[in-house]
file data-v2.cif (mmCIF, C-alpha atoms)
data_upload
loop_
_atom_site.label_atom_id
_atom_site.label_comp_id
_atom_site.auth_asym_id
_atom_site.auth_seq_id
_atom_site.Cartn_x
_atom_site.Cartn_y
_atom_site.Cartn_z
CA MET K 1 112.54 103.66 144.19
CA GLN K 2 111.66 107.29 143.69
CA ALA K 3 111.74 106.88 139.93
CA TRP K 4 109.37 103.93 140.28
CA SER K 5 106.85 105.84 142.36
CA ARG K 6 107.01 108.72 139.89
CA PHE K 7 106.30 106.28 137.09
CA VAL K 8 103.32 104.83 138.96
CA GLU K 9 102.14 108.35 139.72
CA ALA K 10 102.29 109.29 136.01
CA PHE K 11 100.64 106.19 134.55
CA PHE K 12 98.61 104.50 137.30
CA ASN K 13 97.31 107.34 139.44
CA TRP K 14 94.42 105.70 141.28
CA ALA K 15 92.56 108.94 142.00
CA LEU K 16 92.60 109.79 138.29
CA VAL K 17 91.55 106.28 137.36
CA LYS K 18 88.45 106.71 139.49
CA GLN K 19 87.84 110.22 138.20
CA TYR K 20 88.09 109.37 134.52
CA ALA K 21 86.63 105.85 134.48
CA PRO K 22 83.15 107.10 133.44
CA THR K 23 84.66 109.20 130.62
CA ILE K 24 86.67 106.31 129.21
CA LEU K 25 83.64 104.05 129.57
CA LYS K 26 81.56 106.50 127.58
CA GLY K 27 84.26 106.47 124.91
CA ALA K 28 84.25 102.68 124.92
CA ILE K 29 80.50 102.63 124.31
CA THR K 30 80.91 105.00 121.36
CA THR K 31 83.72 102.83 119.98
CA ILE K 32 81.60 99.69 120.30
CA GLU K 33 78.58 101.34 118.67
CA ILE K 34 80.56 102.60 115.69
CA ALA K 35 82.47 99.32 115.36
CA LEU K 36 79.26 97.27 115.30
CA ALA K 37 77.62 99.62 112.80
CA VAL K 38 80.70 99.41 110.56
CA VAL K 39 80.85 95.61 110.73
CA VAL K 40 77.19 95.19 109.81
CA THR K 41 76.99 97.73 106.98
CA GLY K 42 80.46 96.92 105.65
CA ILE K 43 79.96 93.18 105.40
CA VAL K 44 76.40 93.42 104.05
CA LEU K 45 77.47 95.94 101.41
CA GLY K 46 80.56 93.92 100.48
CA PHE K 47 78.48 90.77 100.17
CA ALA K 48 75.88 92.53 98.03
CA LEU K 49 78.59 93.88 95.72
CA ALA K 50 80.15 90.42 95.32
CA VAL K 51 76.75 88.92 94.46
CA ALA K 52 76.02 91.77 92.03
CA ARG K 53 79.31 90.97 90.32
CA THR K 54 78.14 87.41 89.52
CA TRP K 55 75.61 88.86 87.03
CA ARG K 56 78.65 89.77 84.95
CA ILE K 57 77.16 92.98 83.56
CA LEU K 58 80.23 94.81 82.30
CA PRO K 59 79.49 98.45 83.26
CA ILE K 60 78.38 97.43 86.76
CA ASN K 61 81.46 95.28 87.27
CA VAL K 62 83.78 98.06 86.13
CA ILE K 63 82.21 100.37 88.72
CA ILE K 64 82.47 97.75 91.46
CA VAL K 65 86.11 96.97 90.69
CA ALA K 66 87.00 100.67 90.59
CA PHE K 67 85.25 101.28 93.93
CA VAL K 68 86.98 98.30 95.51
CA ASP K 69 90.45 99.14 94.19
CA VAL K 70 90.32 102.80 95.17
CA LEU K 71 89.15 102.03 98.69
CA ARG K 72 91.76 99.33 99.12
CA ALA K 73 94.60 101.55 97.92
CA LEU K 74 93.83 104.70 99.92
CA PRO K 75 94.77 105.09 103.58
CA PRO K 76 91.54 105.31 105.64
CA LEU K 77 92.76 108.48 107.34
CA VAL K 78 93.01 110.21 103.94
CA LEU K 79 89.40 109.24 103.21
CA VAL K 80 88.25 110.40 106.64
CA LEU K 81 89.80 113.84 106.17
CA LEU K 82 88.61 114.06 102.59
CA VAL K 83 84.99 113.40 103.50
CA PHE K 84 85.05 115.35 106.75
CA PHE K 85 86.53 118.57 105.33
CA GLY K 86 85.27 118.24 101.78
CA LEU K 87 81.55 117.61 102.11
CA PRO K 88 80.58 120.66 104.22
CA ASN K 89 82.00 122.90 101.50
CA VAL K 90 79.59 121.45 98.96
CA GLY K 91 76.65 121.80 101.32
CA VAL K 92 76.55 118.34 102.88
CA ASN K 93 76.90 118.50 106.64
CA LEU K 94 77.42 115.18 108.36
CA PRO K 95 78.22 114.68 112.03
CA SER K 96 81.74 113.35 112.58
CA PHE K 97 80.61 109.91 113.76
CA ALA K 98 78.62 109.50 110.55
CA VAL K 99 81.70 110.37 108.49
CA LEU K 100 83.73 107.76 110.36
CA TRP K 101 80.97 105.17 110.01
CA ILE K 102 80.51 105.74 106.28
CA VAL K 103 84.23 105.76 105.46
CA LEU K 104 85.07 102.64 107.47
CA SER K 105 81.97 100.80 106.16
CA PHE K 106 83.03 101.52 102.60
CA VAL K 107 86.59 100.38 103.28
CA LEU K 108 85.39 97.17 104.89
CA ALA K 109 82.89 96.65 102.05
CA ALA K 110 85.72 96.94 99.51
CA PHE K 111 87.89 94.35 101.24
CA ALA K 112 84.90 92.09 101.93
CA GLU K 113 83.77 92.24 98.29
CA GLU K 114 87.22 91.15 97.14
CA ILE K 115 87.29 88.25 99.62
CA PHE K 116 83.72 87.07 98.86
CA TRP K 117 84.41 87.34 95.14
CA ALA K 118 87.54 85.21 95.48
CA GLY K 119 85.43 82.71 97.43
CA ILE K 120 82.76 82.62 94.71
CA LEU K 121 85.43 82.14 92.02
CA SER K 122 86.91 79.25 93.98
CA VAL K 123 83.72 77.22 93.53
CA PRO K 124 84.35 75.09 90.41
CA LYS K 125 82.36 75.99 87.33
CA GLY K 126 80.95 72.46 87.20
CA GLN K 127 78.96 73.23 90.35
CA TRP K 128 77.17 76.07 88.56
CA GLU K 129 76.56 73.98 85.46
CA ALA K 130 75.34 70.94 87.37
CA ALA K 131 72.96 73.02 89.44
CA ARG K 132 71.60 74.94 86.48
CA SER K 133 71.07 71.76 84.45
CA THR K 134 69.08 70.13 87.24
CA GLY K 135 66.67 73.04 86.90
CA PHE K 136 67.91 75.41 89.63
CA SER K 137 67.38 79.07 88.77
CA PHE K 138 70.35 81.45 88.80
CA PHE K 139 69.44 82.68 92.27
CA ALA K 140 68.77 79.22 93.63
CA THR K 141 72.16 78.08 92.32
CA LEU K 142 73.82 81.05 93.90
CA SER K 143 72.14 80.75 97.26
CA TYR K 144 71.95 76.96 97.70
CA ILE K 145 75.02 75.72 95.86
CA VAL K 146 77.67 78.38 95.35
CA LEU K 147 77.48 80.73 98.33
CA PRO K 148 77.42 78.04 101.04
CA GLN K 149 80.68 76.66 99.63
CA ALA K 150 82.17 80.07 98.94
CA VAL K 151 81.42 81.67 102.29
CA ARG K 152 83.11 78.98 104.33
CA LEU K 153 86.47 79.74 102.73
CA THR K 154 86.08 83.42 103.39
CA VAL K 155 85.53 83.25 107.14
CA PRO K 156 89.16 83.59 108.29
CA PRO K 157 90.19 86.45 105.95
CA ILE K 158 86.91 88.31 106.58
CA THR K 159 87.39 87.99 110.33
CA ASN K 160 90.94 89.31 110.22
CA ARG K 161 90.04 92.19 107.96
CA THR K 162 87.05 93.09 110.10
CA VAL K 163 89.20 93.20 113.23
CA ALA K 164 91.76 95.41 111.49
CA ILE K 165 89.12 97.83 110.26
CA THR K 166 87.18 98.10 113.51
CA LYS K 167 90.48 99.09 115.17
CA ASN K 168 90.50 102.03 112.77
CA THR K 169 87.64 103.56 114.77
CA ALA K 170 90.54 105.19 116.68
CA LEU K 171 91.04 107.40 113.60
CA GLY K 172 87.81 109.13 114.63
CA THR K 173 89.79 111.05 117.22
CA VAL K 174 91.28 113.18 114.44
CA ILE K 175 87.84 114.53 113.49
CA GLY K 176 86.58 114.67 117.08
CA VAL K 177 84.45 111.55 117.36
CA PRO K 178 84.22 111.03 121.15
CA GLU K 179 85.52 107.46 121.10
CA ILE K 180 88.06 105.95 123.51
CA LEU K 181 91.21 107.56 122.14
CA ASN K 182 89.58 110.97 121.87
CA GLN K 183 88.26 110.84 125.44
CA ALA K 184 91.63 109.59 126.68
CA THR K 185 93.75 112.28 125.00
CA THR K 186 91.34 115.03 126.08
CA ALA K 187 91.40 113.74 129.65
CA GLN K 188 95.19 113.48 129.51
CA SER K 189 95.60 117.12 128.63
CA PHE K 190 93.12 118.16 131.34
CA ALA K 191 94.78 116.03 133.99
CA GLY K 192 98.37 116.70 132.90
CA ASN K 193 98.98 113.05 133.54
CA ALA K 194 99.29 109.95 131.35
CA THR K 195 96.90 107.83 133.43
CA PRO K 196 93.83 108.47 131.22
CA LEU K 197 95.85 107.51 128.14
CA MET K 198 96.94 104.33 129.87
CA MET K 199 93.28 103.65 130.69
CA GLY K 200 92.38 104.18 127.04
CA ALA K 201 95.06 101.73 125.94
CA VAL K 202 93.82 99.21 128.50
CA ALA K 203 90.25 99.69 127.26
CA TYR K 204 91.35 98.86 123.70
CA VAL K 205 93.23 95.78 124.88
CA VAL K 206 90.22 94.59 126.89
CA LEU K 207 87.93 95.16 123.90
CA PHE K 208 90.14 93.74 121.20
CA ILE K 209 92.18 90.91 122.77
CA PRO K 210 89.09 88.65 122.74
CA VAL K 211 88.43 89.63 119.14
CA VAL K 212 92.03 88.95 118.08
CA ALA K 213 92.02 85.64 119.96
CA PHE K 214 88.72 84.76 118.29
CA GLY K 215 90.28 85.55 114.90
CA ARG K 216 93.19 83.25 115.73
CA TRP K 217 90.77 80.48 116.71
CA ILE K 218 88.72 80.95 113.53
CA GLU K 219 91.91 80.71 111.50
CA THR K 220 92.94 77.33 112.93
CA ARG K 221 89.34 76.07 112.88
CA PHE K 222 88.80 76.82 109.19
CA ALA K 223 92.39 76.66 107.94
CA TRP K 224 92.60 73.23 106.33
CA ARG K 225 89.02 72.85 105.30
CA ARG K 226 89.44 74.41 101.93
CA ALA K 227 86.90 72.80 99.62
CA MET P 1 78.39 120.31 90.23
CA GLU P 2 80.40 123.47 89.71
CA ALA P 3 80.93 123.71 93.47
CA LEU P 4 81.97 120.08 93.64
CA VAL P 5 84.65 120.55 90.98
CA GLN P 6 85.81 123.80 92.60
CA GLN P 7 86.05 122.09 95.97
CA PHE P 8 87.68 118.79 95.07
CA PHE P 9 89.33 119.17 91.68
CA ASN P 10 90.59 122.73 91.63
CA PHE P 11 93.71 122.33 89.50
CA GLU P 12 94.93 125.84 90.19
CA ILE P 13 95.05 125.12 93.92
CA MET P 14 96.54 121.68 93.30
CA ALA P 15 99.33 123.26 91.28
CA ARG P 16 100.04 125.72 94.09
CA ALA P 17 100.03 122.95 96.69
CA LEU P 18 102.16 120.60 94.60
CA PRO P 19 105.63 121.63 95.91
CA LEU P 20 104.50 121.26 99.53
CA VAL P 21 102.78 117.95 98.82
CA LEU P 22 105.89 116.63 97.04
CA THR P 23 108.04 117.48 100.07
CA GLY P 24 105.53 115.43 102.05
CA LEU P 25 105.82 112.59 99.56
CA ARG P 26 109.59 112.58 100.06
CA GLN P 27 109.07 112.30 103.84
CA THR P 28 106.60 109.44 103.31
CA ILE P 29 109.13 107.58 101.17
CA VAL P 30 111.84 108.07 103.80
CA LEU P 31 109.39 106.86 106.44
CA CYS P 32 108.56 103.75 104.41
CA LEU P 33 112.24 102.99 103.85
CA LEU P 34 112.64 103.16 107.62
CA VAL P 35 109.59 101.30 108.92
CA ILE P 36 109.22 98.52 106.33
CA PRO P 37 112.72 97.01 106.79
CA LEU P 38 112.38 97.48 110.55
CA GLY P 39 109.06 95.64 110.54
CA LEU P 40 110.30 92.86 108.25
CA ALA P 41 113.35 92.30 110.44
CA GLY P 42 111.40 92.58 113.69
CA GLY P 43 108.73 90.20 112.42
CA LEU P 44 111.34 87.63 111.42
CA MET P 45 112.86 87.95 114.88
CA PHE P 46 109.43 87.48 116.53
CA ALA P 47 108.72 84.42 114.35
CA LEU P 48 112.10 82.81 115.04
CA VAL P 49 111.77 83.35 118.78
CA SER P 50 108.29 81.77 118.53
CA LEU P 51 110.02 78.58 117.33
CA ALA P 52 111.72 78.22 120.71
CA ARG P 53 111.37 74.88 122.44
CA SER P 54 110.44 76.46 125.77
CA ARG P 55 106.69 76.68 126.15
CA VAL P 56 107.00 79.80 128.32
CA VAL P 57 108.85 81.66 125.55
CA ARG P 58 106.37 80.52 122.91
CA TRP P 59 103.34 81.57 124.91
CA SER P 60 104.78 84.91 125.90
CA MET P 61 105.41 85.58 122.20
CA VAL P 62 101.78 84.77 121.39
CA VAL P 63 100.58 87.07 124.17
CA GLY P 64 102.96 89.84 123.10
CA ILE P 65 102.00 89.60 119.44
CA ASP P 66 98.27 89.52 120.21
CA PHE P 67 98.69 92.48 122.54
CA PHE P 68 100.21 94.64 119.82
CA ARG P 69 97.68 93.41 117.29
CA ALA P 70 94.84 94.36 119.63
CA ILE P 71 95.96 97.95 120.18
CA PRO P 72 95.10 100.26 117.28
CA PRO P 73 98.35 101.61 115.83
CA LEU P 74 97.19 105.20 116.32
CA VAL P 75 96.67 104.54 120.04
CA LEU P 76 100.15 103.02 120.27
CA LEU P 77 101.65 105.97 118.41
CA ILE P 78 99.95 108.57 120.59
CA PHE P 79 100.94 106.64 123.69
CA VAL P 80 104.59 106.56 122.62
CA TYR P 81 104.60 110.18 121.50
CA SER P 82 102.56 111.93 124.17
CA GLY P 83 102.37 109.37 127.00
CA LEU P 84 106.02 108.40 127.41
CA PRO P 85 107.17 111.99 128.10
CA PHE P 86 105.39 111.60 131.45
CA ALA P 87 107.92 108.87 132.21
CA GLY P 88 110.73 111.19 131.18
CA ILE P 89 111.12 109.63 127.72
CA ARG P 90 110.67 112.34 125.11
CA LEU P 91 110.95 111.15 121.52
CA SER P 92 110.99 113.11 118.28
CA PRO P 93 108.00 112.46 115.98
CA LEU P 94 110.17 110.31 113.69
CA THR P 95 111.53 108.18 116.54
CA ALA P 96 108.06 107.82 118.06
CA VAL P 97 106.69 106.67 114.71
CA ALA P 98 109.60 104.24 114.29
CA VAL P 99 109.05 102.72 117.75
CA ALA P 100 105.26 102.43 117.46
CA PHE P 101 105.46 101.05 113.92
CA PHE P 102 108.16 98.58 114.93
CA LEU P 103 105.94 97.10 117.65
CA ASN P 104 102.80 97.05 115.50
CA THR P 105 104.11 95.95 112.11
CA SER P 106 106.57 93.41 113.53
CA SER P 107 103.64 91.65 115.19
CA TYR P 108 101.77 91.43 111.91
CA TYR P 109 104.80 90.41 109.86
CA GLY P 110 105.70 87.95 112.63
CA GLU P 111 102.33 86.22 112.34
CA ILE P 112 102.78 85.96 108.57
CA TYR P 113 106.28 84.47 108.83
CA ARG P 114 105.00 82.06 111.49
CA ALA P 115 102.22 80.85 109.19
CA GLY P 116 104.82 80.46 106.44
CA ILE P 117 107.16 78.45 108.64
CA GLU P 118 104.26 76.22 109.73
CA SER P 119 103.37 75.62 106.09
CA VAL P 120 106.76 73.97 105.48
CA GLY P 121 106.35 70.26 106.16
CA GLY P 122 108.12 68.56 109.08
CA GLY P 123 109.84 66.25 106.61
CA GLN P 124 111.87 69.19 105.32
CA TRP P 125 113.29 69.75 108.80
CA ASP P 126 114.06 66.07 109.30
CA ALA P 127 115.63 65.71 105.87
CA ALA P 128 117.77 68.82 106.28
CA ARG P 129 118.95 67.81 109.75
CA SER P 130 119.75 64.25 108.66
CA THR P 131 121.94 65.46 105.79
CA GLY P 132 124.08 67.07 108.48
CA LEU P 133 122.84 70.68 108.38
CA SER P 134 122.79 72.44 111.73
CA ALA P 135 119.53 73.79 113.12
CA ARG P 136 120.53 77.30 112.06
CA GLN P 137 121.45 76.18 108.53
CA THR P 138 118.17 74.30 108.28
CA VAL P 139 116.19 77.41 109.16
CA VAL P 140 118.18 79.77 106.97
CA SER P 141 118.70 77.69 103.83
CA VAL P 142 115.83 75.20 103.81
CA VAL P 143 112.83 76.39 105.79
CA LEU P 144 112.80 80.19 105.42
CA PRO P 145 113.15 80.31 101.62
CA GLN P 146 110.12 78.03 101.23
CA ALA P 147 108.22 79.74 104.03
CA VAL P 148 108.68 83.19 102.52
CA ARG P 149 107.62 81.96 99.09
CA ASN P 150 104.46 80.44 100.53
CA VAL P 151 103.37 83.65 102.25
CA LEU P 152 104.68 86.14 99.70
CA PRO P 153 101.20 87.51 98.85
CA ASP P 154 100.53 88.16 102.55
CA LEU P 155 103.91 89.84 103.00
CA VAL P 156 103.28 92.13 100.04
CA SER P 157 99.73 92.94 101.08
CA ASN P 158 100.84 93.68 104.63
CA THR P 159 103.48 95.99 103.21
CA VAL P 160 100.74 97.87 101.37
CA GLU P 161 98.95 98.21 104.71
CA VAL P 162 102.14 99.55 106.30
CA ILE P 163 102.59 102.14 103.55
CA LYS P 164 98.97 103.25 104.03
CA LEU P 165 99.50 103.30 107.77
CA THR P 166 102.35 105.82 107.52
CA SER P 167 99.57 108.41 107.00
CA ILE P 168 98.82 108.30 110.75
CA ALA P 169 102.23 109.88 111.37
CA SER P 170 100.46 113.12 110.40
CA VAL P 171 98.71 113.02 113.78
CA VAL P 172 102.02 113.55 115.60
CA ALA P 173 102.92 116.37 113.19
CA LEU P 174 105.44 114.46 111.12
CA PRO P 175 105.32 116.37 107.82
CA GLU P 176 104.60 113.41 105.54
CA LEU P 177 102.29 113.30 102.52
CA LEU P 178 98.95 113.56 104.31
CA TYR P 179 100.21 116.14 106.81
CA SER P 180 101.49 118.42 104.03
CA ALA P 181 98.29 118.02 102.04
CA ASP P 182 96.18 118.80 105.10
CA MET P 183 98.32 121.85 105.79
CA ALA P 184 97.70 123.05 102.24
CA ARG P 185 93.99 122.40 102.78
CA SER P 186 93.88 124.52 105.92
CA ILE P 187 95.68 127.38 104.15
CA THR P 188 93.54 127.33 100.99
CA PHE P 189 90.20 126.31 102.60
CA ASN P 190 89.88 123.87 99.74
CA THR P 191 89.92 120.07 99.72
CA SER P 192 91.80 119.71 96.42
CA PRO P 193 95.24 119.25 98.06
CA ILE P 194 93.93 116.17 99.88
CA VAL P 195 92.52 114.86 96.60
CA LEU P 196 96.00 115.40 95.17
CA ALA P 197 97.55 113.40 98.01
CA ALA P 198 94.92 110.68 97.52
CA ALA P 199 95.81 110.59 93.82
CA ILE P 200 99.48 110.11 94.70
CA TYR P 201 98.68 107.26 97.11
CA LEU P 202 96.49 105.73 94.43
CA VAL P 203 99.13 105.95 91.70
CA VAL P 204 101.72 104.29 93.94
CA LEU P 205 99.55 101.69 95.65
CA TRP P 206 96.97 100.70 93.05
CA PRO P 207 99.39 98.63 90.92
CA ILE P 208 100.57 96.80 94.04
CA VAL P 209 96.98 96.13 95.17
CA ARG P 210 96.17 94.68 91.72
CA PHE P 211 99.37 92.64 91.77
CA VAL P 212 98.55 91.20 95.19
CA SER P 213 95.06 90.19 94.05
CA ARG P 214 96.53 88.26 91.15
CA LEU P 215 99.25 86.71 93.28
CA GLU P 216 96.71 85.59 95.87
CA ARG P 217 94.46 83.94 93.32
CA ARG P 218 97.31 82.13 91.61
CA ILE P 219 98.70 80.64 94.81
CA ALA P 220 95.53 79.86 96.75
CA TRP P 221 93.49 78.30 93.99
#
call {"tool": "encode", "arguments": {"input": "data-v2.cif", "output": "structure tokens"}}
result
Amino acid sequence: MQAWSRFVEAFFNWALVKQYAPTILKGAITTIEIALAVVVTGIVLGFALAVARTWRILPINVIIVAFVDVLRALPPLVLVLLVFFGLPNVGVNLPSFAVLWIVLSFVLAAFAEEIFWAGILSVPKGQWEAARSTGFSFFATLSYIVLPQAVRLTVPPITNRTVAITKNTALGTVIGVPEILNQATTAQSFAGNATPLMMGAVAYVVLFIPVVAFGRWIETRFAWRRA
Amino acid sequence: MEALVQQFFNFEIMARALPLVLTGLRQTIVLCLLVIPLGLAGGLMFALVSLARSRVVRWSMVVGIDFFRAIPPLVLLIFVYSGLPFAGIRLSPLTAVAVAFFLNTSSYYGEIYRAGIESVGGGQWDAARSTGLSARQTVVSVVLPQAVRNVLPDLVSNTVEVIKLTSIASVVALPELLYSADMARSITFNTSPIVLAAAIYLVVLWPIVRFVSRLERRIAW
């Protein structure tokens, strides 16, 4: 019984919960802000890159593929440290949240480009040819015929990848972005108690369980509707 | 431009950092050899338990898997490493990484195996059972081989993610590739060692990333 009460004392100390709730909440708001920013810029950039690739201009495509491959192969934490410690030494000073936002947006853009591109390729060539021969311009073909078919296929993988990358906002703690994990570990060392860390973990679960469940729903909803 | 090269591609500093970075690489390889088999085995276990007839067991597996997919791996790792000591459980960095990775990667691998098992038609089960195979034999010799083949691209691409993820072990001071490179950075005040580490990750992972892209396209379309 004593062990149990010590456990409760260390992880669910009510006084500390009340004391640190505003701190964790502030962290949660930062996490949500960065996550939303990353989702918007990452997906828009990834989509733009995939569309740019349909022009099939060799030098541009080589650059896009190189960008995508490098960002898919490198661990995000490596990129975060590289940008955070590297740029100030060449005279570019960015606040830590901007570093996190830029790095995660680029990573998401790389994965999104690859997924959108696979979607575009999955639309049979005959669709392009038929549209073009009925007098559709290149852009009209792309936006009315190809993309509507391509995007539907990409919804489940994009959702899953987006969830995975927004969870990486926790990496911001390493460079001092005041998101949930950072607030929780700081509070833990002040309080000498694991309650704030437990609160941080709970905050992530509350934020992300709906997102993960939504991803699961999307997957079953779109799974067998491949063109 | 000069400053940029000096700061990111200083070969003299890279050469000095190389021995330290290679020690880190060795640690990363050891780490991968530990956490990938653990995750593959754990995921298979999760997926097989999810096949249980009892609805309670199935739903608790879904909840458990979603729980560990919702928590960022770094949060899990820090919780295991610096939270559990408050409950009297003090783990070494390596054990903490192994535990956190087991919970996280098994959930992801488990979902992949589950999708694979679901992709094998019900007729395969019926046919196998009616030729006299036991339930266990059906799973092991008929369903799993097909299931794994169907989700092979996902298994490989998740493994790439796991290898990349080992870099977060640096946060709990496990001297793997990124940790060693960052140490060299803080000694030399120069970012080149991290570029060197990035180059090593790239050399190892880029061929696999390419391979997965091709595999995915061949199977899906």
call {"tool": "interface_residues", "arguments": {"input": "data-v2.cif", "of": "chain P", "to": "chain K", "cutoff": "9 Å", "atoms": "only C-alpha atoms", "output": "number ranges by chain"}}
result
P: 1, 3-4, 7-8, 66-76, 78-79, 82-88, 160-161, 163-168, 171, 178, 182, 185, 189-192, 194-195, 197-199, 201-210, 213, 217, 221
call {"tool": "write_last_selection", "arguments": {"input": "data-v2.cif", "atoms": "C-alpha atoms", "output": "CSV table (one decimal), in the frame of the given file"}}
result
chain,number,residue,atom,x,y,z
P,1,MET,CA,78.4,120.3,90.2
P,3,ALA,CA,80.9,123.7,93.5
P,4,LEU,CA,82.0,120.1,93.6
P,7,GLN,CA,86.0,122.1,96.0
P,8,PHE,CA,87.7,118.8,95.1
P,66,ASP,CA,98.3,89.5,120.2
P,67,PHE,CA,98.7,92.5,122.5
P,68,PHE,CA,100.2,94.6,119.8
P,69,ARG,CA,97.7,93.4,117.3
P,70,ALA,CA,94.8,94.4,119.6
P,71,ILE,CA,96.0,98.0,120.2
P,72,PRO,CA,95.1,100.3,117.3
P,73,PRO,CA,98.4,101.6,115.8
P,74,LEU,CA,97.2,105.2,116.3
P,75,VAL,CA,96.7,104.5,120.0
P,76,LEU,CA,100.2,103.0,120.3
P,78,ILE,CA,100.0,108.6,120.6
P,79,PHE,CA,100.9,106.6,123.7
P,82,SER,CA,102.6,111.9,124.2
P,83,GLY,CA,102.4,109.4,127.0
P,84,LEU,CA,106.0,108.4,127.4
P,85,PRO,CA,107.2,112.0,128.1
P,86,PHE,CA,105.4,111.6,131.4
P,87,ALA,CA,107.9,108.9,132.2
P,88,GLY,CA,110.7,111.2,131.2
P,160,VAL,CA,100.7,97.9,101.4
P,161,GLU,CA,99.0,98.2,104.7
P,163,ILE,CA,102.6,102.1,103.6
P,164,LYS,CA,99.0,103.2,104.0
P,165,LEU,CA,99.5,103.3,107.8
P,166,THR,CA,102.4,105.8,107.5
P,167,SER,CA,99.6,108.4,107.0
P,168,ILE,CA,98.8,108.3,110.8
P,171,VAL,CA,98.7,113.0,113.8
P,178,LEU,CA,99.0,113.6,104.3
P,182,ASP,CA,96.2,118.8,105.1
P,185,ARG,CA,94.0,122.4,102.8
P,189,PHE,CA,90.2,126.3,102.6
P,190,ASN,CA,89.9,123.9,99.7
P,191,THR,CA,89.9,120.1,99.7
P,192,SER,CA,91.8,119.7,96.4
P,194,ILE,CA,93.9,116.2,99.9
P,195,VAL,CA,92.5,114.9,96.6
P,197,ALA,CA,97.6,113.4,98.0
P,198,ALA,CA,94.9,110.7,97.5
P,199,ALA,CA,95.8,110.6,93.8
P,201,TYR,CA,98.7,107.3,97.1
P,202,LEU,CA,96.5,105.7,94.4
P,203,VAL,CA,99.1,106.0,91.7
P,204,VAL,CA,101.7,104.3,93.9
P,205,LEU,CA,99.6,101.7,95.6
P,206,TRP,CA,97.0,100.7,93.0
P,207,PRO,CA,99.4,98.6,90.9
P,208,ILE,CA,100.6,96.8,94.0
P,209,VAL,CA,97.0,96.1,95.2
P,210,ARG,CA,96.2,94.7,91.7
P,213,SER,CA,95.1,90.2,94.0
P,217,ARG,CA,94.5,83.9,93.3
P,221,TRP,CA,93.5,78.3,94.0
call {"tool": "atom_distance", "arguments": {"input": "data-v2.cif", "atom1": "CA of Ile175 in chain K", "atom2": "CA of Val99 in chain K"}}
result
8.9 Å
call {"tool": "residues_around", "arguments": {"input": "data-v2.cif", "residues": "range 25-27 of chain K", "least_positions_apart": "4", "cutoff": "6 Å", "atoms": "all atoms listed in the file", "output": "PyMOL selection string"}}
result
chain K and resi 178-180+183
call {"tool": "write_last_selection", "arguments": {"input": "data-v2.cif", "atoms": "C-alpha atoms", "output": "PDB file, in the frame of the given file"}}
result
ATOM      1  CA  PRO K 178      84.220 111.030 121.150  1.00  0.00           C
ATOM      2  CA  GLU K 179      85.520 107.460 121.100  1.00  0.00           C
ATOM      3  CA  ILE K 180      88.060 105.950 123.510  1.00  0.00           C
ATOM      4  CA  GLN K 183      88.260 110.840 125.440  1.00  0.00           C
TER       5      GLN K 183
END
call {"tool": "atom_distance", "arguments": {"input": "data-v2.cif", "atom1": "CA of Tyr109 in chain P", "atom2": "CA of Ile36 in chain P"}}
result
9.9 Å
call {"tool": "resolve_selection", "arguments": {"input": "data-v2.cif", "expression": "the PyMOL selection byres ((chain P and resi 138) around 12)", "output": "JSON, numbers by chain"}}
result
{"P": [117, 120, 122, 123, 124, 125, 126, 127, 128, 129, 130, 131, 132, 133, 134, 135, 136, 137, 139, 140, 141, 142, 143, 144, 145, 146]}
call {"tool": "resolve_selection", "arguments": {"input": "data-v2.cif", "expression": "the PyMOL selection byres ((chain P and resi 114) around 10)", "output": "compact mmCIF listing (two decimals) with C-alpha atoms, in the coordinates of the input"}}
result
# COMPACT_ATOMS: atom_id res chain seq x y z
CA GLY P 43 108.73 90.20 112.42
CA LEU P 44 111.34 87.63 111.42
CA PHE P 46 109.43 87.48 116.53
CA ALA P 47 108.72 84.42 114.35
CA LEU P 48 112.10 82.81 115.04
CA SER P 50 108.29 81.77 118.53
CA LEU P 51 110.02 78.58 117.33
CA TYR P 108 101.77 91.43 111.91
CA TYR P 109 104.80 90.41 109.86
CA GLY P 110 105.70 87.95 112.63
CA GLU P 111 102.33 86.22 112.34
CA ILE P 112 102.78 85.96 108.57
CA TYR P 113 106.28 84.47 108.83
CA ALA P 115 102.22 80.85 109.19
CA GLY P 116 104.82 80.46 106.44
CA ILE P 117 107.16 78.45 108.64
CA GLU P 118 104.26 76.22 109.73
CA SER P 119 103.37 75.62 106.09
CA ALA P 147 108.22 79.74 104.03
CA VAL P 148 108.68 83.19 102.52
CA VAL P 151 103.37 83.65 102.25
call {"tool": "residues_around", "arguments": {"input": "data-v2.cif", "residues": "Thr105 in chain P", "least_positions_apart": "6", "cutoff": "8 Å", "atoms": "all atoms listed in the file", "output": "list in words"}}
result
Gly39, Leu40, Gly43 and Val162 of chain P
call {"tool": "atom_distance", "arguments": {"input": "data-v2.cif", "atom1": "CA of Val107 in chain K", "atom2": "CA of Cys32 in chain P"}}
result
22.3 Å
call {"tool": "closest_residue", "arguments": {"input": "data-v2.cif", "among": "K:Ala110, K:Ala21, K:Leu104, K:Ile63", "to": "Leu36 in chain K", "atoms": "only C-alpha atoms"}}
result
K:Leu104
call {"tool": "decode", "arguments": {"input": "data-v2.cif", "residues": "range 74-82 of chain P", "atoms": "C-alpha atoms", "output": "mmCIF file, in the first residue's frame"}}
result
data_model
loop_
_atom_site.group_PDB
_atom_site.id
_atom_site.type_symbol
_atom_site.label_atom_id
_atom_site.label_comp_id
_atom_site.auth_asym_id
_atom_site.auth_seq_id
_atom_site.Cartn_x
_atom_site.Cartn_y
_atom_site.Cartn_z
ATOM 1 C CA LEU P 74 10.714 11.139 -27.852
ATOM 2 C CA VAL P 75 8.087 11.734 -25.154
ATOM 3 C CA LEU P 76 7.908 8.001 -24.494
ATOM 4 C CA LEU P 77 11.690 7.754 -24.326
ATOM 5 C CA ILE P 78 12.054 10.671 -21.922
ATOM 6 C CA PHE P 79 9.239 9.288 -19.810
ATOM 7 C CA VAL P 80 10.917 5.885 -19.572
ATOM 8 C CA TYR P 81 14.363 7.342 -18.981
ATOM 9 C CA SER P 82 13.695 10.243 -16.630
#
